[in-house]
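Colleague: Quick one: the structure is below, questions incoming.
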Amino acid sequence: MRILLFTGKGGVGKSTVAAGTAALSAAAGRRTLVLSTDAAHSLADAFGAPVGAEPTEVADRLFVQQVDAQLRFEQSWAEIQGYLLSVLDVAGVDPVAAEELTVIPGAEEVLALLELRLHALSGEWDVVVVDCAPTAETLRLLALPEALGWYMQRVLPTQRRVVKAFKPVLTRAAGVPMPGDGLFDAVERLHAELDEVHTLLSGPDASVRLVLTPEAVVLAEARRSYTSLSLFGYRVDGVVANRVFPAEGADDWRAGWVVAQDAVLAEVDQSFAGLPVWRSEYRPSEPVGVDALRTLAAEVYAGADPLAVPTGSGPFRVERTGSGAVLHLSLPFVTRAEVGLARNGDELVVTVGSYRRLLTLPAGLARLRVAGARVDEGELRVRFADPAHEDATEKVT
Ligand SMILES: Nc1ncnc2c1ncn2[C@@H]1O[C@H](COP(=O)(O)OP(=O)(O)OP(=O)(O)O)[C@@H](O)[C@H]1O
Ligand SMILES: [Mg+2]
């Protein structure tokens with residue numbers, strides 16, 4: 001199942017390009033689903049048709065779904081939230097404030113992506129196109145299971161046993177409700193499901209496309225997204241520059257915009273060198289409906305296969321070198337000074353600005369010593385050497 005994600009700053013045309021790509025895919029004979037995870041019903045607007053929480057067929061082989069994030073939230077989070085609320089209640093926190101405290105920003109969106117897991121399991125689709133929320137925050141949150149992996153594997157089972165053994169005593173002594181088996185199950189289930197989705201989305205059949213408009217601020221955000229998407233293991237395989245003014249027959253006002261956009265477009269090409277940058281003209285009216293969307297997408301890809309599986313190794317790669325190895329992690333636009341690196345047992349902690357990723361090292365690397373690191377050609381390269389022995393925590397700077 002090919003998975004295509006579209007992300008970008010608010011209002012740049014994500015839904016339009018995602019819907020158009022899906023329409024093109026269906027027209028090419030693939031059973032295609034396009035789904036949106038945001039609460040605004042923009043896919044319904046783009047298709048000019050009512051869309052439900054279940055896949056709705058809007059053309060041959062083309063299905064649209066507006067995931068009911070609220071419902072998914074209640075199914076996956078309700079039990080955990082219920083427990084947190086009971087603890088906060090004992091702590092004397094006002095119920096309204098408590099309710100707010102137990103809602104993680106962006107969580108609904110992430111839980112909506114759980115839907116992808118079900119679609120993958122169903123085997124019903126050749127292609128799933130995801131119209132993501134603005135910015136790559138959501139995809140970053142999906143790396144959460146990886147960050148919690150250590151805790152989930154080693155700490156949680158112990159906690160579960162301890163809590164079980166001491167539950168009656170603790171509840172009486174502290175007055176704090178102790179989590180039951182159901183809660184542990186809910187946490188473990190949620191963790192496993194999120195992990196599956198992250199694996200799907202960082203796998204070889206998935207890729208992310210950045211949608212932008214030729215404006216300096218929009219480009220700046222797209223560049224940041226490219227960096228953080230790579231950091232978290234997602235493969236970006238193209239950029240769509242949308243709302244490009246056609247140059248022909250322009251009056252002074254438009255001619256001014258054409259010049260300004262040209263300057264930014266040149267920067268776009270430079271920023272994303274090595275990736276296809278597709279262009280989409282600013283149309284005289286909103287592209288609404290299957291036909292208009294498909295036409296737009298056909299022009300965008302201009303004959304290129306919109307479903308082509310990206311080649312190359314993706315953002316993460318290990319290269320063996322004699323007795324050691326080099327870990328390659330693509331981090332576009334980043335300088336060595338901006339990257340923090342620490343070793344923690346079999347994890348490598350990579351920090352870029354406010355983003356942090358805990359990379360679990362493949363078994364072959366875990367027993368090696370970090371011998372050095374540098375950033376070259378938009379890539380972090382960490383050199384591993386065969387150790388004598390080493391501490392559990394080692395700082396590399
Ligand atoms: N190339 C284009 N020419 C003309 N209008 C366009 C073009 N691309 C998108 N639009 C229009 O711009 C508006 C915003 O597009 P769209 O909803 O696809 O953006 P979005 O990035 O999904 O927005 P949001 O961040 O709110 O989800 C829509 O009315 C859409 O029809
Ligand atoms: Mg949208």
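Scheme for the structure tokens: letters A, B, ... for chains in order shown; per-chain residue numbers from 1; ligand numbers from 1 in order shown.
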Find the spatial neighbours of Leu212 of chain A, counting only C-alpha atoms, within a cut-off of 7 Å - ignore same-chain residues fewer than 3 positions away - and output them as a PyMOL selection string.
Modeller: chain A and resi 8-9+12+218-219+222+240-242
Colleague: At a cut-off of 6 Å, using only C-alpha atoms, what residues contact Pro315 of chain A? Leave out same-chain residues fewer than 3 positions from it and give the result as a list of chain:residue names.
Modeller: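 Returned residues: A:Ser230, A:Gly233, A:Leu329, A:Ser330.
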Colleague: I need the chosen residues saved as a CSV table (one decimal), in the first residue's frame, with all heavy atoms.
Modeller:
```
chain,number,residue,atom,x,y,z
A,230,SER,N,12.9,14.7,8.5
A,230,SER,CA,14.1,13.9,8.3
A,230,SER,C,14.6,13.3,9.6
A,230,SER,O,14.9,12.1,9.8
A,230,SER,CB,15.2,14.6,7.5
A,230,SER,OG,14.8,15.1,6.3
A,233,GLY,N,12.7,10.5,10.8
A,233,GLY,CA,12.7,9.3,9.9
A,233,GLY,C,11.7,9.3,8.8
A,233,GLY,O,11.6,8.2,8.2
A,329,LEU,N,22.4,10.2,8.9
A,329,LEU,CA,21.0,10.6,9.2
A,329,LEU,C,20.9,11.9,8.5
A,329,LEU,O,21.6,12.9,8.7
A,329,LEU,CB,20.8,10.8,10.7
A,329,LEU,CG,19.4,11.4,11.1
A,329,LEU,CD1,18.3,10.4,10.8
A,329,LEU,CD2,19.4,11.7,12.6
A,330,SER,N,19.9,12.0,7.5
A,330,SER,CA,19.9,13.2,6.7
A,330,SER,C,19.2,14.3,7.6
A,330,SER,O,18.2,14.1,8.2
A,330,SER,CB,19.2,13.0,5.4
A,330,SER,OG,17.9,13.0,5.5
```
Colleague: Quick one: of A:Leu341, A:Leu359, A:Gly324, A:Phe316, who's nearest to Asp386 of chain A, counting only C-alpha atoms?
Modeller: A:Gly324
Colleague: For each of A:Thr21, A:Gln270, A:Gln75, A:Gln81, take the minimum atom-to-atom distance to Glu115 of chain A, counting only C-alpha atoms, then give the residue where this is smallest.
Modeller: A:Gln75
Colleague: Would you name the residues within 7 Å of ligand 2, counting only C-alpha atoms and all ligand atoms, and put them as a PyMOL selection string?
Modeller: chain A and resi 11+13-15+42+131
Colleague: For chain A versus ligand 1, which residues have an atom no more than 8 Å away, and what is each residue's nearest atom pair and distance in Å rounded to one decimal, using only C-alpha atoms and all ligand atoms, chain-then-number order, as CSV?
Modeller:
```
residue,atom,partner,partner_atom_place_in_ligand_line,distance
A:Thr7,CA,ligand 1,21 (O),7.7
A:Gly8,CA,ligand 1,21 (O),6.6
A:Lys9,CA,ligand 1,25 (O),6.2
A:Gly10,CA,ligand 1,25 (O),3.2
A:Gly11,CA,ligand 1,23 (O),3.3
A:Val12,CA,ligand 1,21 (O),4.0
A:Gly13,CA,ligand 1,18 (O),3.2
A:Lys14,CA,ligand 1,21 (O),3.7
A:Ser15,CA,ligand 1,22 (O),3.7
A:Thr16,CA,ligand 1,18 (O),3.6
A:Val17,CA,ligand 1,18 (O),6.4
A:Ala18,CA,ligand 1,18 (O),7.9
A:Asp38,CA,ligand 1,27 (O),7.6
A:Ala40,CA,ligand 1,27 (O),7.5
A:Ser42,CA,ligand 1,17 (O),5.8
A:Leu43,CA,ligand 1,17 (O),7.7
A:Asp45,CA,ligand 1,17 (O),7.8
A:Ala46,CA,ligand 1,31 (O),6.3
A:Asp131,CA,ligand 1,22 (O),7.4
A:Cys132,CA,ligand 1,27 (O),7.9
A:Ala133,CA,ligand 1,27 (O),6.5
A:Pro134,CA,ligand 1,25 (O),5.4
A:Val211,CA,ligand 1,21 (O),7.6
A:Asn242,CA,ligand 1,1 (N),5.4
A:Arg243,CA,ligand 1,1 (N),4.4
A:Val244,CA,ligand 1,1 (N),7.2
A:Ser280,CA,ligand 1,1 (N),5.5
A:Glu281,CA,ligand 1,1 (N),5.1
A:Tyr282,CA,ligand 1,3 (N),3.8
A:Arg283,CA,ligand 1,3 (N),3.8
A:Pro284,CA,ligand 1,4 (C),6.2
A:Ser285,CA,ligand 1,4 (C),5.4
A:Glu286,CA,ligand 1,31 (O),3.9
A:Pro287,CA,ligand 1,31 (O),5.0
A:Val288,CA,ligand 1,31 (O),6.2
A:Leu296,CA,ligand 1,1 (N),7.4
```
Colleague: Between atom CA of Pro55 of chain A and atom CA of Arg209 of chain A, what distance in Å does the model show, to one decimal?
Modeller: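 Taking atom CA of Pro55 of chain A as the start and atom CA of Arg209 of chain A as the end point, the length is 22.6 Å.
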Colleague: Return as a list in words the full set of residues in segment 231-281 of chain A whose backbone-based DSSP assignment is alpha helix (DSSP H).
Modeller: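 Answer for segment 231-281 of chain A, restricted to alpha helix (DSSP H): Leu231, Asp252, Trp253, Arg254, Ala255, Gly256, Trp257, Val258, Val259, Ala260, Gln261, Asp262, Ala263, Val264, Leu265, Ala266, Glu267, Val268, Asp269, Gln270 and Ser271 of chain A.
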Colleague: Neighbouring residues of Val130 of chain A were defined as those with any atom within 7 Å, considering only C-alpha atoms; residues of the same chain fewer than 3 positions away were excluded. Please report them as a ChimeraX atom specification.
Modeller: /A:4-6,18,34-36
Colleague: For segment 365-367 of chain A, find every residue with an atom within 12 Å (counting only C-alpha atoms), except residues of its own chain fewer than 6 positions away, and show them as a PDB file with N, CA, C and O atoms, in the first residue's frame.
Modeller:
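Saved to result06.pdb:
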```
ATOM      1  N   ARG A 317      20.519   5.560   7.474  1.00  0.00           N
ATOM      2  CA  ARG A 317      21.255   4.510   6.792  1.00  0.00           C
ATOM      3  C   ARG A 317      22.521   4.191   7.573  1.00  0.00           C
ATOM      4  O   ARG A 317      23.128   5.073   8.168  1.00  0.00           O
ATOM      5  N   VAL A 318      22.893   2.930   7.597  1.00  0.00           N
ATOM      6  CA  VAL A 318      24.127   2.528   8.275  1.00  0.00           C
ATOM      7  C   VAL A 318      25.074   1.925   7.252  1.00  0.00           C
ATOM      8  O   VAL A 318      24.685   1.082   6.456  1.00  0.00           O
ATOM      9  N   GLU A 319      26.290   2.400   7.286  1.00  0.00           N
ATOM     10  CA  GLU A 319      27.297   1.926   6.329  1.00  0.00           C
ATOM     11  C   GLU A 319      28.415   1.245   7.115  1.00  0.00           C
ATOM     12  O   GLU A 319      28.951   1.821   8.056  1.00  0.00           O
ATOM     13  N   ARG A 320      28.721   0.005   6.758  1.00  0.00           N
ATOM     14  CA  ARG A 320      29.787  -0.733   7.458  1.00  0.00           C
ATOM     15  C   ARG A 320      31.137  -0.294   6.934  1.00  0.00           C
ATOM     16  O   ARG A 320      31.312  -0.107   5.733  1.00  0.00           O
ATOM     17  N   THR A 321      32.076  -0.126   7.817  1.00  0.00           N
ATOM     18  CA  THR A 321      33.427   0.259   7.398  1.00  0.00           C
ATOM     19  C   THR A 321      34.425  -0.577   8.186  1.00  0.00           C
ATOM     20  O   THR A 321      34.674  -0.299   9.344  1.00  0.00           O
ATOM     21  N   SER A 323      36.118  -2.417  10.634  1.00  0.00           N
ATOM     22  CA  SER A 323      35.749  -2.902  11.964  1.00  0.00           C
ATOM     23  C   SER A 323      34.610  -2.083  12.564  1.00  0.00           C
ATOM     24  O   SER A 323      34.003  -2.473  13.551  1.00  0.00           O
ATOM     25  N   GLY A 324      34.312  -0.909  11.956  1.00  0.00           N
ATOM     26  CA  GLY A 324      33.296  -0.047  12.540  1.00  0.00           C
ATOM     27  C   GLY A 324      32.132   0.201  11.602  1.00  0.00           C
ATOM     28  O   GLY A 324      31.794  -0.643  10.773  1.00  0.00           O
ATOM     29  N   ALA A 325      31.479   1.361  11.743  1.00  0.00           N
ATOM     30  CA  ALA A 325      30.338   1.691  10.906  1.00  0.00           C
ATOM     31  C   ALA A 325      30.105   3.203  10.940  1.00  0.00           C
ATOM     32  O   ALA A 325      30.571   3.899  11.848  1.00  0.00           O
ATOM     33  N   VAL A 326      29.411   3.689   9.927  1.00  0.00           N
ATOM     34  CA  VAL A 326      29.007   5.093   9.930  1.00  0.00           C
ATOM     35  C   VAL A 326      27.494   5.151   9.822  1.00  0.00           C
ATOM     36  O   VAL A 326      26.894   4.514   8.958  1.00  0.00           O
ATOM     37  N   LEU A 327      26.891   5.895  10.752  1.00  0.00           N
ATOM     38  CA  LEU A 327      25.447   6.087  10.711  1.00  0.00           C
ATOM     39  C   LEU A 327      25.170   7.398   9.980  1.00  0.00           C
ATOM     40  O   LEU A 327      25.741   8.437  10.329  1.00  0.00           O
ATOM     41  N   ARG A 343      25.039   9.706  23.738  1.00  0.00           N
ATOM     42  CA  ARG A 343      24.831   8.275  23.685  1.00  0.00           C
ATOM     43  C   ARG A 343      24.252   7.853  25.020  1.00  0.00           C
ATOM     44  O   ARG A 343      24.713   8.284  26.062  1.00  0.00           O
ATOM     45  N   ASN A 344      23.210   7.052  24.958  1.00  0.00           N
ATOM     46  CA  ASN A 344      22.617   6.569  26.192  1.00  0.00           C
ATOM     47  C   ASN A 344      22.325   5.087  26.019  1.00  0.00           C
ATOM     48  O   ASN A 344      21.277   4.711  25.507  1.00  0.00           O
ATOM     49  N   GLY A 345      23.261   4.263  26.422  1.00  0.00           N
ATOM     50  CA  GLY A 345      23.095   2.825  26.253  1.00  0.00           C
ATOM     51  C   GLY A 345      22.971   2.486  24.780  1.00  0.00           C
ATOM     52  O   GLY A 345      23.798   2.888  23.970  1.00  0.00           O
ATOM     53  N   ASP A 346      21.883   1.809  24.399  1.00  0.00           N
ATOM     54  CA  ASP A 346      21.741   1.453  22.990  1.00  0.00           C
ATOM     55  C   ASP A 346      20.923   2.489  22.223  1.00  0.00           C
ATOM     56  O   ASP A 346      20.377   2.226  21.172  1.00  0.00           O
ATOM     57  N   GLU A 347      20.866   3.698  22.796  1.00  0.00           N
ATOM     58  CA  GLU A 347      20.167   4.777  22.098  1.00  0.00           C
ATOM     59  C   GLU A 347      21.121   5.907  21.774  1.00  0.00           C
ATOM     60  O   GLU A 347      22.052   6.181  22.515  1.00  0.00           O
ATOM     61  N   LEU A 348      20.836   6.547  20.643  1.00  0.00           N
ATOM     62  CA  LEU A 348      21.560   7.752  20.283  1.00  0.00           C
ATOM     63  C   LEU A 348      20.550   8.887  20.380  1.00  0.00           C
ATOM     64  O   LEU A 348      19.479   8.821  19.780  1.00  0.00           O
ATOM     65  N   LEU A 359      17.097   7.662  18.949  1.00  0.00           N
ATOM     66  CA  LEU A 359      17.248   6.644  17.917  1.00  0.00           C
ATOM     67  C   LEU A 359      17.736   5.357  18.565  1.00  0.00           C
ATOM     68  O   LEU A 359      18.808   5.339  19.161  1.00  0.00           O
ATOM     69  N   VAL A 382      27.685   9.865  11.936  1.00  0.00           N
ATOM     70  CA  VAL A 382      28.258   9.468  13.221  1.00  0.00           C
ATOM     71  C   VAL A 382      29.115   8.235  13.004  1.00  0.00           C
ATOM     72  O   VAL A 382      28.646   7.229  12.482  1.00  0.00           O
ATOM     73  N   ARG A 383      30.366   8.353  13.395  1.00  0.00           N
ATOM     74  CA  ARG A 383      31.304   7.272  13.188  1.00  0.00           C
ATOM     75  C   ARG A 383      31.358   6.373  14.411  1.00  0.00           C
ATOM     76  O   ARG A 383      31.479   6.843  15.535  1.00  0.00           O
ATOM     77  N   PHE A 384      31.219   5.082  14.204  1.00  0.00           N
ATOM     78  CA  PHE A 384      31.283   4.103  15.298  1.00  0.00           C
ATOM     79  C   PHE A 384      32.527   3.247  15.132  1.00  0.00           C
ATOM     80  O   PHE A 384      32.849   2.822  14.035  1.00  0.00           O
ATOM     81  N   ALA A 385      33.195   3.010  16.238  1.00  0.00           N
ATOM     82  CA  ALA A 385      34.398   2.185  16.188  1.00  0.00           C
ATOM     83  C   ALA A 385      34.275   1.050  17.187  1.00  0.00           C
ATOM     84  O   ALA A 385      33.503   1.123  18.141  1.00  0.00           O
ATOM     85  N   ASP A 386      35.048   0.025  16.941  1.00  0.00           N
ATOM     86  CA  ASP A 386      35.023  -1.125  17.848  1.00  0.00           C
ATOM     87  C   ASP A 386      35.615  -0.701  19.197  1.00  0.00           C
ATOM     88  O   ASP A 386      36.686  -0.130  19.253  1.00  0.00           O
ATOM     89  N   PRO A 387      34.936  -0.955  20.271  1.00  0.00           N
ATOM     90  CA  PRO A 387      35.359  -0.441  21.570  1.00  0.00           C
ATOM     91  C   PRO A 387      36.290  -1.398  22.294  1.00  0.00           C
ATOM     92  O   PRO A 387      36.348  -2.574  21.961  1.00  0.00           O
ATOM     93  N   ALA A 388      36.999  -0.871  23.264  1.00  0.00           N
ATOM     94  CA  ALA A 388      37.522  -1.750  24.294  1.00  0.00           C
ATOM     95  C   ALA A 388      36.337  -1.969  25.237  1.00  0.00           C
ATOM     96  O   ALA A 388      35.757  -3.031  25.322  1.00  0.00           O
ATOM     97  N   HIS A 389      35.924  -0.902  25.879  1.00  0.00           N
ATOM     98  CA  HIS A 389      34.690  -0.915  26.664  1.00  0.00           C
ATOM     99  C   HIS A 389      34.297   0.537  26.856  1.00  0.00           C
ATOM    100  O   HIS A 389      35.049   1.450  26.537  1.00  0.00           O
ATOM    101  N   GLU A 390      33.112   0.792  27.402  1.00  0.00           N
ATOM    102  CA  GLU A 390      32.703   2.186  27.559  1.00  0.00           C
ATOM    103  C   GLU A 390      31.616   2.345  28.601  1.00  0.00           C
ATOM    104  O   GLU A 390      30.985   1.375  29.014  1.00  0.00           O
ATOM    105  N   ASP A 391      31.412   3.603  29.003  1.00  0.00           N
ATOM    106  CA  ASP A 391      30.350   3.909  29.971  1.00  0.00           C
ATOM    107  C   ASP A 391      28.987   3.811  29.314  1.00  0.00           C
ATOM    108  O   ASP A 391      28.857   3.873  28.107  1.00  0.00           O
ATOM    109  N   ALA A 392      27.965   3.694  30.134  1.00  0.00           N
ATOM    110  CA  ALA A 392      26.599   3.632  29.616  1.00  0.00           C
ATOM    111  C   ALA A 392      26.224   4.969  28.983  1.00  0.00           C
ATOM    112  O   ALA A 392      25.548   5.035  27.971  1.00  0.00           O
TER     113      ALA A 392
END
```
Colleague: So what do you get for atom CA of Phe272 of chain A versus atom CA of Arg223 of chain A, distance-wise?
Modeller: 8.4 Å
Colleague: Have a look at A:Ala53, A:Ser207, A:Arg2, A:Glu79 and name the one nearest to Gly123 of chain A; count only C-alpha atoms.
Modeller: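 Closest residue, counting only C-alpha atoms: A:Arg2.
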Colleague: List the spatial neighbours of Val58 of chain A as a list of chain:residue names - criterion: any atom at most 10 Å away, only C-alpha atoms, same-chain residues fewer than 3 positions off excluded.
Modeller: A:Ala23, A:Phe47, A:Gly48, A:Ala49, A:Pro50, A:Val51, A:Pro55, A:Arg61, A:Leu62, A:Phe63, A:Val64, A:Gly289, A:Val290
